[in-house]
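This is model.txt (compact mmCIF, C-alpha atoms).
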```txt
# COMPACT_ATOMS: atom_id res chain seq x y z
CA MET A 225 33.58 0.31 9.23
CA LYS A 226 31.82 3.17 7.52
CA GLN A 227 29.14 4.94 9.49
CA ILE A 228 25.63 4.24 8.25
CA THR A 229 23.96 7.56 7.43
CA HIS A 230 20.77 6.56 5.63
CA HIS A 231 18.49 4.64 7.98
CA LEU A 232 15.07 3.05 7.75
CA PRO A 233 12.17 5.47 8.19
CA GLU A 234 10.15 4.95 11.34
CA TRP A 235 7.00 3.80 9.59
CA LEU A 236 8.85 0.95 7.89
CA ILE A 237 10.26 -0.33 11.17
CA ARG A 238 6.86 -0.01 12.83
CA SER A 239 5.14 -1.79 9.93
CA TYR A 240 7.71 -4.59 10.16
CA ALA A 241 7.24 -4.93 13.93
CA ALA A 242 3.46 -5.04 13.50
CA GLY A 243 3.65 -7.67 10.76
CA SER A 244 2.09 -5.31 8.21
CA LEU A 245 5.00 -5.22 5.78
CA GLY A 246 5.19 -7.37 2.63
CA HIS A 247 7.87 -10.00 2.23
CA ALA A 248 10.23 -8.02 -0.01
CA PHE A 249 10.34 -4.95 2.25
CA SER A 250 10.57 -7.17 5.33
CA LEU A 251 13.72 -8.66 3.83
CA VAL A 252 15.26 -5.19 3.47
CA VAL A 253 14.34 -4.30 7.06
CA ALA A 254 15.77 -7.57 8.46
CA THR A 255 18.95 -7.22 6.40
CA HIS A 256 19.51 -3.59 7.38
CA VAL A 257 18.81 -4.21 11.08
CA SER A 258 21.32 -7.07 10.98
CA GLN A 259 24.04 -4.51 10.31
CA CYS A 260 22.71 -1.35 11.96
CA ASP A 261 22.73 -1.05 15.78
CA GLU A 262 20.63 2.08 15.73
CA CYS A 263 17.79 0.55 13.73
CA ARG A 264 18.01 -2.61 15.86
CA ALA A 265 17.37 -0.44 18.91
CA ARG A 266 14.54 1.33 17.11
CA LEU A 267 12.98 -2.01 16.21
CA GLU A 268 13.25 -3.19 19.82
CA ALA A 269 11.54 0.03 20.90
CA GLU A 270 8.68 -0.65 18.50
CA GLU A 271 8.36 -4.18 19.87
CA ALA A 272 8.34 -2.80 23.40
CA ALA A 273 5.41 -0.60 22.40
CA GLY A 274 3.75 -3.61 20.73
CA GLY A 275 4.16 -5.54 23.98
CA VAL A 276 2.55 -2.75 25.99
CA VAL A 277 -0.41 -2.68 23.60
CA LEU A 278 -0.66 -6.49 23.71
CA GLU A 279 -0.80 -6.47 27.52
CA GLY A 280 -3.61 -3.95 27.43
CA LEU A 281 -5.82 -5.86 25.00
CA GLU A 282 -9.10 -7.31 26.05
CA ALA A 283 -8.95 -11.03 26.79
CA VAL A 284 -10.98 -13.26 24.48
CA ASP A 285 -12.12 -16.81 25.27
CA THR A 286 -9.76 -19.59 24.34
CA SER A 287 -10.70 -23.25 24.03
CA ASP A 288 -9.87 -25.99 26.54
CA ASP A 289 -8.46 -27.87 23.61
CA LEU A 290 -5.80 -25.18 23.15
CA ARG A 291 -4.73 -25.52 26.76
CA ALA A 292 -4.50 -29.29 26.42
CA ARG A 293 -2.49 -29.06 23.23
CA VAL A 294 0.00 -26.60 24.74
CA PHE A 295 0.50 -28.42 28.02
CA ASP A 296 0.76 -31.80 26.32
CA GLY A 297 3.45 -30.29 24.15
CA LEU A 298 5.68 -29.19 27.03
CA ASP A 299 7.21 -32.62 27.62
CA GLU A 300 7.47 -33.61 24.01
CA ASP A 301 10.93 -34.30 22.74
CA ILE A 302 11.49 -32.26 19.65
CA ALA A 303 14.43 -32.36 17.32
CA PRO A 304 16.67 -29.33 17.79
CA GLU A 305 16.18 -26.70 15.11
CA ALA A 306 18.87 -26.06 12.57
CA PRO A 307 20.89 -23.03 13.67
CA ALA A 308 19.99 -19.75 11.96
CA PRO A 309 22.23 -18.97 8.98
CA GLN A 310 25.32 -16.94 9.82
CA ARG A 311 26.61 -13.92 8.00
CA THR A 312 28.87 -14.98 5.12
CA GLY A 313 31.07 -12.29 3.54
CA ILE A 314 28.93 -9.30 2.66
CA TYR A 315 25.65 -11.17 3.13
CA PRO A 316 23.94 -11.06 6.56
CA GLY A 317 22.28 -14.27 7.78
CA ALA A 318 18.85 -12.83 6.97
CA LEU A 319 19.83 -12.72 3.31
CA ILE A 320 21.56 -16.11 3.36
CA ALA A 321 18.30 -17.59 4.68
CA GLU A 322 16.39 -15.99 1.82
CA MET A 323 18.86 -17.12 -0.86
CA GLY A 324 19.07 -20.64 0.54
CA SER A 325 22.78 -20.52 -0.24
CA ASP A 326 25.73 -18.30 0.55
CA GLN A 327 26.12 -17.07 -3.02
CA PRO A 328 23.49 -15.38 -5.22
CA ARG A 329 22.48 -17.09 -8.44
CA TRP A 330 23.47 -14.22 -10.72
CA ARG A 331 21.99 -13.73 -14.19
CA SER A 332 23.61 -11.29 -16.59
CA LEU A 333 21.61 -8.30 -17.75
CA GLY A 334 24.30 -7.16 -20.19
CA GLY A 335 26.89 -4.42 -19.74
CA GLY A 336 28.32 -6.24 -16.75
CA ILE A 337 25.16 -5.70 -14.71
CA ARG A 338 23.83 -8.81 -12.99
CA GLN A 339 20.80 -9.57 -10.93
CA ALA A 340 19.48 -12.38 -8.77
CA ILE A 341 15.74 -12.38 -8.13
CA LEU A 342 15.01 -13.43 -4.55
CA SER A 343 11.28 -13.15 -4.28
CA GLU A 344 8.24 -11.98 -6.17
CA ASP A 345 4.68 -11.84 -5.02
CA LYS A 346 1.64 -9.60 -5.24
CA GLN A 347 3.12 -7.23 -2.68
CA GLY A 348 6.38 -6.66 -4.53
CA SER A 349 9.73 -8.13 -5.42
CA ALA A 350 13.24 -8.30 -4.02
CA ARG A 351 16.45 -8.90 -5.90
CA LEU A 352 20.17 -8.45 -5.67
CA LEU A 353 21.87 -6.20 -8.18
CA TYR A 354 25.53 -6.22 -9.17
CA ILE A 355 26.64 -3.02 -10.86
CA PRO A 356 30.25 -2.65 -12.05
CA GLN A 357 32.11 0.39 -10.75
CA GLY A 358 31.10 3.64 -12.40
CA MET A 359 28.20 2.01 -14.27
CA ALA A 360 24.72 3.55 -14.26
CA VAL A 361 21.50 1.62 -13.89
CA PRO A 362 19.18 2.78 -16.72
CA ASP A 363 16.87 5.66 -15.87
CA HIS A 364 13.86 4.28 -14.21
CA THR A 365 10.77 5.30 -12.33
CA HIS A 366 8.70 2.90 -10.31
CA GLY A 367 5.01 2.57 -9.77
CA GLY A 368 5.52 2.25 -6.06
CA LEU A 369 8.19 2.62 -3.44
CA GLU A 370 11.70 1.28 -3.99
CA LEU A 371 14.14 0.43 -1.19
CA THR A 372 17.80 -0.09 -2.04
CA LEU A 373 20.25 -1.35 0.58
CA VAL A 374 23.97 -1.30 -0.23
CA LEU A 375 25.91 -4.48 0.67
CA GLN A 376 29.20 -3.71 -1.09
CA GLY A 377 30.69 -0.62 -2.72
CA SER A 378 28.49 2.43 -3.11
CA PHE A 379 26.18 4.26 -5.48
CA HIS A 380 25.00 7.81 -5.91
CA ASP A 381 22.06 9.39 -7.65
CA GLU A 382 20.24 12.72 -7.76
CA THR A 383 19.39 12.41 -4.06
CA GLY A 384 22.76 11.56 -2.53
CA GLU A 385 25.56 9.12 -1.83
CA PHE A 386 24.91 5.63 -0.43
CA GLY A 387 27.56 3.37 1.12
CA VAL A 388 27.54 -0.05 2.79
CA GLY A 389 24.55 -0.41 5.11
CA ASP A 390 22.76 2.68 3.78
CA VAL A 391 19.19 2.38 2.55
CA GLU A 392 17.71 4.61 -0.11
CA VAL A 393 13.96 5.07 0.06
CA ALA A 394 12.83 6.19 -3.40
CA GLU A 395 9.27 7.44 -3.76
CA ASP A 396 7.24 6.49 -6.80
CA ASP A 397 7.74 9.90 -8.39
CA LEU A 398 11.53 9.82 -8.15
CA ASP A 399 13.06 9.64 -11.61
CA HIS A 400 16.66 8.72 -10.89
CA THR A 401 19.79 7.23 -12.37
CA PRO A 402 21.70 5.34 -9.71
CA THR A 403 25.41 5.09 -10.61
CA ALA A 404 27.87 2.76 -8.91
CA GLY A 405 30.82 4.44 -7.19
CA MET A 406 34.44 3.81 -8.14
CA GLY A 407 36.59 1.31 -6.28
CA GLU A 408 34.60 -1.88 -6.37
CA ALA A 409 31.40 -3.15 -7.89
CA CYS A 410 28.24 -2.11 -6.10
CA ILE A 411 26.13 -4.97 -4.80
CA CYS A 412 22.76 -4.02 -3.38
CA LEU A 413 19.48 -5.48 -2.28
CA ALA A 414 16.59 -3.74 -4.03
CA ALA A 415 12.91 -4.17 -3.26
CA THR A 416 9.80 -2.59 -4.73
CA ASP A 417 6.13 -2.87 -4.04
CA ALA A 418 5.36 -2.54 -7.79
CA PRO A 419 7.16 -3.58 -10.99
CA LEU A 420 9.93 -1.25 -12.20
CA GLN A 421 9.39 0.72 -15.39
CA PHE A 422 12.39 1.67 -17.47
CA LYS A 423 12.44 4.77 -19.61
CA GLY A 424 14.91 3.66 -22.27
CA LEU A 425 13.41 1.64 -25.12
CA LEU A 426 15.76 -1.32 -24.94
CA PRO A 427 15.40 -1.88 -21.22
CA ARG A 428 11.65 -1.64 -21.63
CA LEU A 429 11.76 -4.37 -24.25
CA LEU A 430 13.93 -6.47 -22.01
CA GLN A 431 11.79 -5.96 -18.96
CA PRO A 432 9.41 -8.87 -19.55
CA ILE A 433 12.33 -11.14 -20.32
CA PHE A 434 14.54 -10.23 -17.40
CA ARG A 435 11.80 -9.12 -15.05
CA ILE A 436 14.02 -6.20 -14.10
CA MET B 48 -11.65 -1.18 24.95
CA ILE B 49 -8.18 -0.32 26.16
CA GLU B 50 -9.15 0.07 29.74
CA ALA B 51 -5.96 -1.62 30.89
CA LEU B 52 -3.87 1.08 29.25
CA THR B 53 -5.43 3.69 31.46
CA ILE B 54 -3.49 4.20 34.63
CA ASP B 55 -3.93 6.64 37.44
CA SER B 56 -1.74 9.64 37.94
CA GLU B 57 -0.02 8.15 40.98
CA THR B 58 1.91 5.78 38.78
CA LYS B 59 3.90 8.72 37.46
CA THR B 60 6.03 8.25 40.55
CA PRO B 61 9.34 6.89 39.30
CA LEU B 62 10.50 3.58 40.63
CA PRO B 63 12.51 4.01 43.82
CA HIS B 64 16.18 4.39 43.08
CA GLY B 65 18.16 1.19 43.30
CA LEU B 66 15.09 -0.95 43.40
CA ARG B 67 15.90 -4.56 42.67
CA PRO B 68 14.06 -5.49 39.54
CA GLY B 69 12.96 -8.91 40.72
CA TYR B 70 11.03 -7.26 43.50
CA ALA B 71 9.83 -4.21 41.65
CA GLY B 72 6.26 -5.42 41.41
CA LYS B 73 5.99 -6.22 45.08
CA SER B 74 7.66 -3.01 46.18
CA MET B 75 5.39 -0.93 44.03
CA ASN B 76 2.47 -2.48 45.83
CA ASP B 77 4.07 -1.96 49.21
CA SER B 78 4.79 1.67 48.49
CA GLY B 79 1.11 2.19 47.86
CA ALA B 80 1.73 3.69 44.42
CA SER B 81 0.58 0.49 42.92
CA SER B 82 -1.10 -0.22 39.68
CA GLU B 83 -2.30 -3.60 38.60
CA GLN B 84 -0.57 -3.10 35.28
CA ILE B 85 2.80 -2.17 36.68
CA SER B 86 3.03 -5.14 38.98
CA GLN B 87 1.86 -7.34 36.12
CA GLY B 88 4.61 -6.06 33.87
CA CYS B 89 7.24 -7.14 36.34
CA GLU B 90 5.45 -10.37 37.17
CA GLN B 91 5.31 -11.44 33.58
CA THR B 92 9.02 -10.97 33.19
CA ASP B 93 9.58 -12.82 36.47
CA TRP B 94 7.44 -15.73 35.25
CA LEU B 95 9.40 -15.93 32.03
CA VAL B 96 12.71 -15.87 33.91
CA ALA B 97 11.38 -18.67 36.16
CA VAL B 98 10.57 -20.69 33.06
CA ARG B 99 14.05 -20.06 31.71
CA GLU B 100 15.89 -20.78 34.96
CA HIS B 101 13.83 -23.61 36.46
CA ARG B 102 11.55 -24.91 33.70
CA ASP B 103 8.84 -23.79 36.11
CA LYS B 104 5.49 -25.10 34.84
CA ALA B 105 3.44 -23.10 37.32
CA ALA B 106 5.08 -19.89 36.09
CA PHE B 107 4.45 -21.04 32.53
CA GLY B 108 0.81 -21.59 33.43
CA ARG B 109 0.55 -17.98 34.57
CA LEU B 110 2.13 -16.76 31.34
CA TYR B 111 -0.36 -18.95 29.52
CA ASP B 112 -3.33 -17.51 31.40
CA HIS B 113 -2.21 -13.94 30.87
CA PHE B 114 -1.08 -14.05 27.26
CA THR B 115 -3.14 -16.63 25.36
CA PRO B 116 -6.46 -14.71 25.53
CA ARG B 117 -4.73 -11.50 24.43
CA LEU B 118 -2.60 -13.10 21.74
CA LYS B 119 -5.66 -14.77 20.29
CA GLY B 120 -7.52 -11.46 20.33
CA MET B 121 -4.63 -9.71 18.61
CA LEU B 122 -4.35 -12.36 15.89
CA ILE B 123 -8.08 -12.27 15.20
CA ARG B 124 -7.94 -8.49 14.91
CA SER B 125 -5.12 -8.74 12.41
CA GLY B 126 -7.31 -10.92 10.23
CA MET B 127 -7.08 -14.57 11.31
CA SER B 128 -9.98 -16.90 12.06
CA GLY B 129 -10.40 -18.07 15.63
CA ALA B 130 -9.17 -21.57 14.82
CA ALA B 131 -6.13 -20.32 12.88
CA ALA B 132 -5.35 -17.87 15.69
CA GLU B 133 -5.41 -20.70 18.23
CA ASP B 134 -3.02 -22.73 16.09
CA VAL B 135 -0.60 -19.81 16.06
CA VAL B 136 -1.05 -19.20 19.79
CA GLN B 137 -0.23 -22.87 20.43
CA ASP B 138 3.02 -22.54 18.49
CA VAL B 139 3.86 -19.26 20.24
CA MET B 140 3.36 -20.72 23.72
CA LEU B 141 5.45 -23.78 22.90
CA THR B 142 8.15 -21.55 21.41
CA ILE B 143 8.22 -19.54 24.65
CA TRP B 144 8.73 -22.79 26.57
CA ARG B 145 11.38 -24.17 24.24
CA LYS B 146 13.31 -20.97 23.56
CA ALA B 147 13.17 -19.42 27.02
CA HIS B 148 16.96 -19.86 27.24
CA LEU B 149 17.27 -17.14 24.58
CA TYR B 150 15.25 -14.60 26.56
CA ASP B 151 17.24 -11.64 27.93
CA GLU B 152 15.31 -9.61 30.50
CA GLY B 153 17.75 -6.72 30.14
CA ARG B 154 16.83 -6.26 26.50
CA ALA B 155 13.09 -6.78 26.46
CA ARG B 156 10.13 -7.13 28.77
CA ALA B 157 8.29 -10.43 28.49
CA SER B 158 5.47 -8.84 26.50
CA ALA B 159 7.85 -7.38 23.87
CA TRP B 160 9.62 -10.72 23.42
CA ILE B 161 6.32 -12.58 23.14
CA TYR B 162 4.93 -9.95 20.75
CA ARG B 163 7.87 -10.59 18.43
CA ILE B 164 7.52 -14.38 18.60
CA ALA B 165 3.81 -14.07 17.79
CA ARG B 166 4.47 -11.87 14.75
CA ASN B 167 7.19 -14.17 13.44
CA ARG B 168 4.95 -17.21 13.73
CA GLN B 169 1.88 -15.47 12.34
CA ILE B 170 3.76 -14.25 9.25
CA ASP B 171 5.41 -17.64 8.69
CA VAL B 172 1.97 -19.25 8.68
CA ILE B 173 0.19 -16.66 6.55
CA ARG B 174 2.88 -16.45 3.88
CA ARG B 175 3.90 -20.11 4.05
CA ARG B 176 7.53 -19.06 3.99
CA PRO B 177 9.90 -17.94 6.71
CA ARG B 178 9.60 -14.29 7.69
CA PRO B 179 12.94 -12.51 7.19
CA VAL B 180 14.35 -11.85 10.66
CA PRO B 181 17.42 -9.86 11.71
CA ASP B 182 20.57 -11.80 12.65
CA GLU B 183 20.72 -12.36 16.39
CA MET B 184 23.35 -10.43 18.28
CA ILE B 185 25.45 -12.88 20.20
CA VAL B 186 25.93 -11.56 23.70
CA GLU B 187 27.81 -13.53 26.34
CA ALA B 188 25.74 -14.25 29.44
CA GLU B 189 28.32 -12.61 31.72
CA SER B 190 28.41 -9.26 29.95
CA ARG B 191 24.64 -9.45 29.80
CA GLU B 192 24.14 -9.89 33.54
CA ALA B 193 26.28 -6.89 34.42
CA HIS B 194 23.73 -4.58 32.86
CA ASP B 195 20.50 -6.42 33.41
CA ALA B 196 19.43 -5.11 36.82
CA ASP B 197 19.56 -1.46 35.76
CA ALA B 198 18.20 -2.21 32.36
CA MET B 199 15.17 -4.03 33.79
CA VAL B 200 14.23 -1.09 35.97
CA SER B 201 14.64 1.26 33.02
CA LEU B 202 12.57 -0.97 30.74
CA GLU B 203 9.81 -1.02 33.32
CA GLN B 204 9.89 2.77 33.67
CA GLU B 205 9.71 3.14 29.92
CA ALA B 206 6.70 0.84 29.79
CA VAL B 207 4.95 2.93 32.43
CA GLN B 208 5.67 6.09 30.45
CA LEU B 209 4.52 4.45 27.26
CA ARG B 210 1.22 3.46 28.84
CA GLU B 211 0.83 6.98 30.17
CA ALA B 212 1.58 8.52 26.82
CA LEU B 213 -1.04 6.27 25.25
CA ALA B 214 -3.58 7.01 27.94
CA THR B 215 -3.22 10.76 27.51
CA LEU B 216 -3.61 10.71 23.73
CA PRO B 217 -6.98 11.81 22.38
CA GLN B 218 -9.21 8.77 21.92
CA SER B 219 -9.04 8.79 18.11
CA GLN B 220 -5.24 8.90 18.06
CA ARG B 221 -4.92 6.30 20.76
CA GLU B 222 -7.07 3.98 18.70
CA ILE B 223 -4.88 4.45 15.66
CA VAL B 224 -1.72 3.71 17.63
CA GLU B 225 -3.33 0.64 19.13
CA ARG B 226 -4.61 -0.57 15.77
CA ALA B 227 -1.15 -0.10 14.25
CA TYR B 228 0.51 -2.39 16.81
CA VAL B 229 -2.33 -4.89 16.84
CA GLY B 230 -1.81 -5.33 13.09
CA GLU B 231 -5.06 -3.85 11.81
CA LEU B 232 -3.41 -1.19 9.64
CA THR B 233 -1.68 -1.58 6.30
CA GLN B 234 1.84 -0.27 5.78
CA ALA B 235 0.34 2.71 3.90
CA GLU B 236 -1.94 3.49 6.83
CA ILE B 237 0.89 3.19 9.32
CA ARG B 238 2.89 5.54 7.15
CA GLU B 239 0.15 8.13 7.15
CA ALA B 240 -0.14 7.90 10.91
CA THR B 241 3.59 8.41 11.47
CA GLY B 242 3.05 11.84 12.93
CA LEU B 243 1.72 10.08 15.99
CA ALA B 244 5.16 8.96 17.09
CA LEU B 245 5.14 8.77 20.84
CA GLY B 246 7.81 10.74 22.61
CA THR B 247 8.49 7.90 24.97
CA ILE B 248 9.32 5.59 22.13
CA LYS B 249 12.12 7.97 21.32
CA SER B 250 13.48 7.80 24.85
CA ARG B 251 13.15 4.04 24.77
CA ILE B 252 15.26 4.06 21.66
CA ARG B 253 18.02 5.97 23.39
CA LEU B 254 17.94 3.50 26.25
CA ALA B 255 18.05 0.48 23.98
CA LEU B 256 20.85 2.03 22.00
CA GLU B 257 22.94 2.70 25.08
CA LYS B 258 22.41 -0.85 26.23
CA LEU B 259 23.47 -2.18 22.84
CA ARG B 260 26.60 -0.06 22.88
CA HIS B 261 27.56 -1.44 26.30
CA GLU B 262 27.12 -4.97 25.10
CA LEU B 263 28.94 -4.44 21.86
CA LYS B 264 31.80 -2.74 23.68
CA ASP B 265 32.04 -5.73 26.02
CA LEU B 266 32.15 -8.03 23.07
CA ARG B 267 34.84 -6.04 21.34
CA ASP B 268 36.91 -5.76 24.51
CA GLU B 269 37.10 -9.51 24.93
```

Would you encode the structure as structure tokens?
Amino acid sequence: MKQITHHLPEWLIRSYAAGSLGHAFSLVVATHVSQCDECRARLEAEEAAGGVVLEGLEAVDTSDDLRARVFDGLDEDIAPEAPAPQRTGIYPGALIAEMGSDQPRWRSLGGGIRQAILSEDKQGSARLLYIPQGMAVPDHTHGGLELTLVLQGSFHDETGEFGVGDVEVAEDDLDHTPTAGMGEACICLAATDAPLQFKGLLPRLLQPIFRI
Amino acid sequence: MIEALTIDSETKTPLPHGLRPGYAGKSMNDSGASSEQISQGCEQTDWLVAVREHRDKAAFGRLYDHFTPRLKGMLIRSGMSGAAAEDVVQDVMLTIWRKAHLYDEGRARASAWIYRIARNRQIDVIRRRPRPVPDEMIVEAESREAHDADAMVSLEQEAVQLREALATLPQSQREIVERAYVGELTQAEIREATGLALGTIKSRIRLALEKLRHELKDLRDE
């Protein structure tokens, strides 16, 4: 398997551990960590630090009712939980859980490019993109930060080359043209914390329709 | 406010070589280089292991007494009401009881494992949808046990160093680090404060990575 060379920045892992990251970015972190031992270790280190801070916090009063509810619950028979989704093909379990199925519901964007929107909320959006080999995604800038995690194939842009497992962290001022590598179609998970803005006229017209 | 993070200089003494992790807390006390916090760290993990191994309700009660007041405090600080925080704490404590069989003391101290459970539950509740979580690594119990004794001692040492690193930070920086982990900062604020990376977190990363490599190698060798 190809070595992952583009990892998650520390602040993203720490924000995830602390619960301060929006849903779309959290999905990228969980999906990357599922396939990157190094970032898994870094996440565990952040949680170790979180645990140390937790232990050192001041104790606040808790109600007797809470104690009763917890201890009454110990002997309750509960139905076993459904097992967590397993990795299927190129999709880690974290992504399968999000999709609610083992295949994305692709929608064509024309030119062979497809997308499947996974989530959208005030804090951003996450979607899967399918880009045929050698094809460029229209020039775009984004109002916020964009994370792109490669699941299959590769892409390159002005900043470098990204293969399976790599994450690109594109700042809001990056004006780039990601182009899929040759060999096989590039499938990636892309998340932003603001809507994308396309520079070309046609994509801009399509934006409200396709929510790209 | 973070009085418990402050430890005396004596605790810089490394754990005696070859110390058996299950007895680390006691031995630290015996050796005189004791700190309430150090022995607690080990005790908490011991309690959780007792819950896992023997469904020990007394040990669970001690975990309850130690963690519920702190978990509730943390959840309130990250923006929940007292009542909502208690609902989450209830779920967290019951998850600890029901999922103790998944706890691996060689990978995480009790507090780190509980911290993660609390975050998962809190986010599930706030967003009303499941928080994306990384796929679990499946590690056979046998390959796990071979590394656990050493790993537990190392984890404990790392925790001591982490507490020390925190305690020696200037007050303003220490507060920012604490607020980041408590959940009081936004992702943008955490990003700005990234320069505050603690050296010991880096060493903890190396340790965790080595441990993972061992486990993965064992898996691949099978």

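Residue nearest Glu279 (chain A) within the list B:Arg166, B:Arg154, B:Arg210, B:Arg176: B:Arg210 [criterion: smallest interatomic distance, only C-alpha atoms].
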
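Checking B:Arg109, B:Arg175, B:Lys119, B:Arg168 one by one against chain A, counting only C-alpha atoms, you find the shortest gap at B:Lys119.
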
Exercise. What would the list of residues within 9 Å of (12.9, 7.7, 13.6) (file frame) look like as a ChimeraX atom specification, if only C-alpha atoms are what count?
Worked result: /A:231-235,237,263,266 /B:244,249

For this session: Pull the neighbourhood of (11.8, -17.3, 28.0) for me: all residues within 7 Å in file coordinates, counting only C-alpha atoms, as number ranges by chain.
Result: B: 95-96, 98-99, 143-144, 146-150

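Restricting the calculation to only C-alpha atoms, the smallest distance between chain B and any of A:Ser325, A:Thr312, A:Thr372, A:Thr286 is found for A:Thr286.
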
Exercise. Could you name the residues that touch Ser287 (chain A) at 12 Å or less, counting all atoms listed in the file, but leaving out those on the same chain fewer than 3 positions away, as an MDAnalysis selection string?
Worked result: (chainID A and resid 284 290:294) or (chainID B and resid 112 115:116 119 129:130 132:134 136:137)

For this session: Point out the residue among B:Arg226, B:Arg221, B:Arg178, B:Arg163 with the least atom-to-atom distance to Ala321 (chain A), counting all atoms listed in the file.
Result: B:Arg178

Exercise. For Phe114 (chain B), which of A:Phe249, A:Leu281, A:Ser258, A:Met323 is the closest residue, counting only C-alpha atoms?
Worked result: A:Leu281

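Of the listed residues (B:Arg124, B:Arg174, B:Arg238, B:Lys104), B:Arg238 comes nearest to chain A; the distances count only C-alpha atoms.
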
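If you count only C-alpha atoms and ignore residues fewer than 3 places along the chain from Thr255 (chain A), what sits within 10 Å of it is A:Phe249, A:Ser250, A:Leu251, A:Val252, A:Ser258, A:Gln259, A:Cys260, A:Tyr315, A:Pro316, A:Gly317, A:Ala318, A:Leu319, A:Ile320, A:Leu373, A:Leu375, A:Gly389, A:Leu413, B:Pro179, B:Val180, B:Pro181, B:Asp182.
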
For this session: Could you please determine the separation between CA of Ala212 (chain B) and CA of Leu278 (chain A) in Å, to one decimal place?
Result: 15.5 Å

Exercise. Which residues come within 9 Å of Met140 (chain B), counting all atoms listed in the file, excluding same-chain residues fewer than 5 positions away, as a VMD selection string?
Worked result: (chain A and resid 294) or (chain B and resid 107 110 to 111 114 to 115 135 145 161 165)
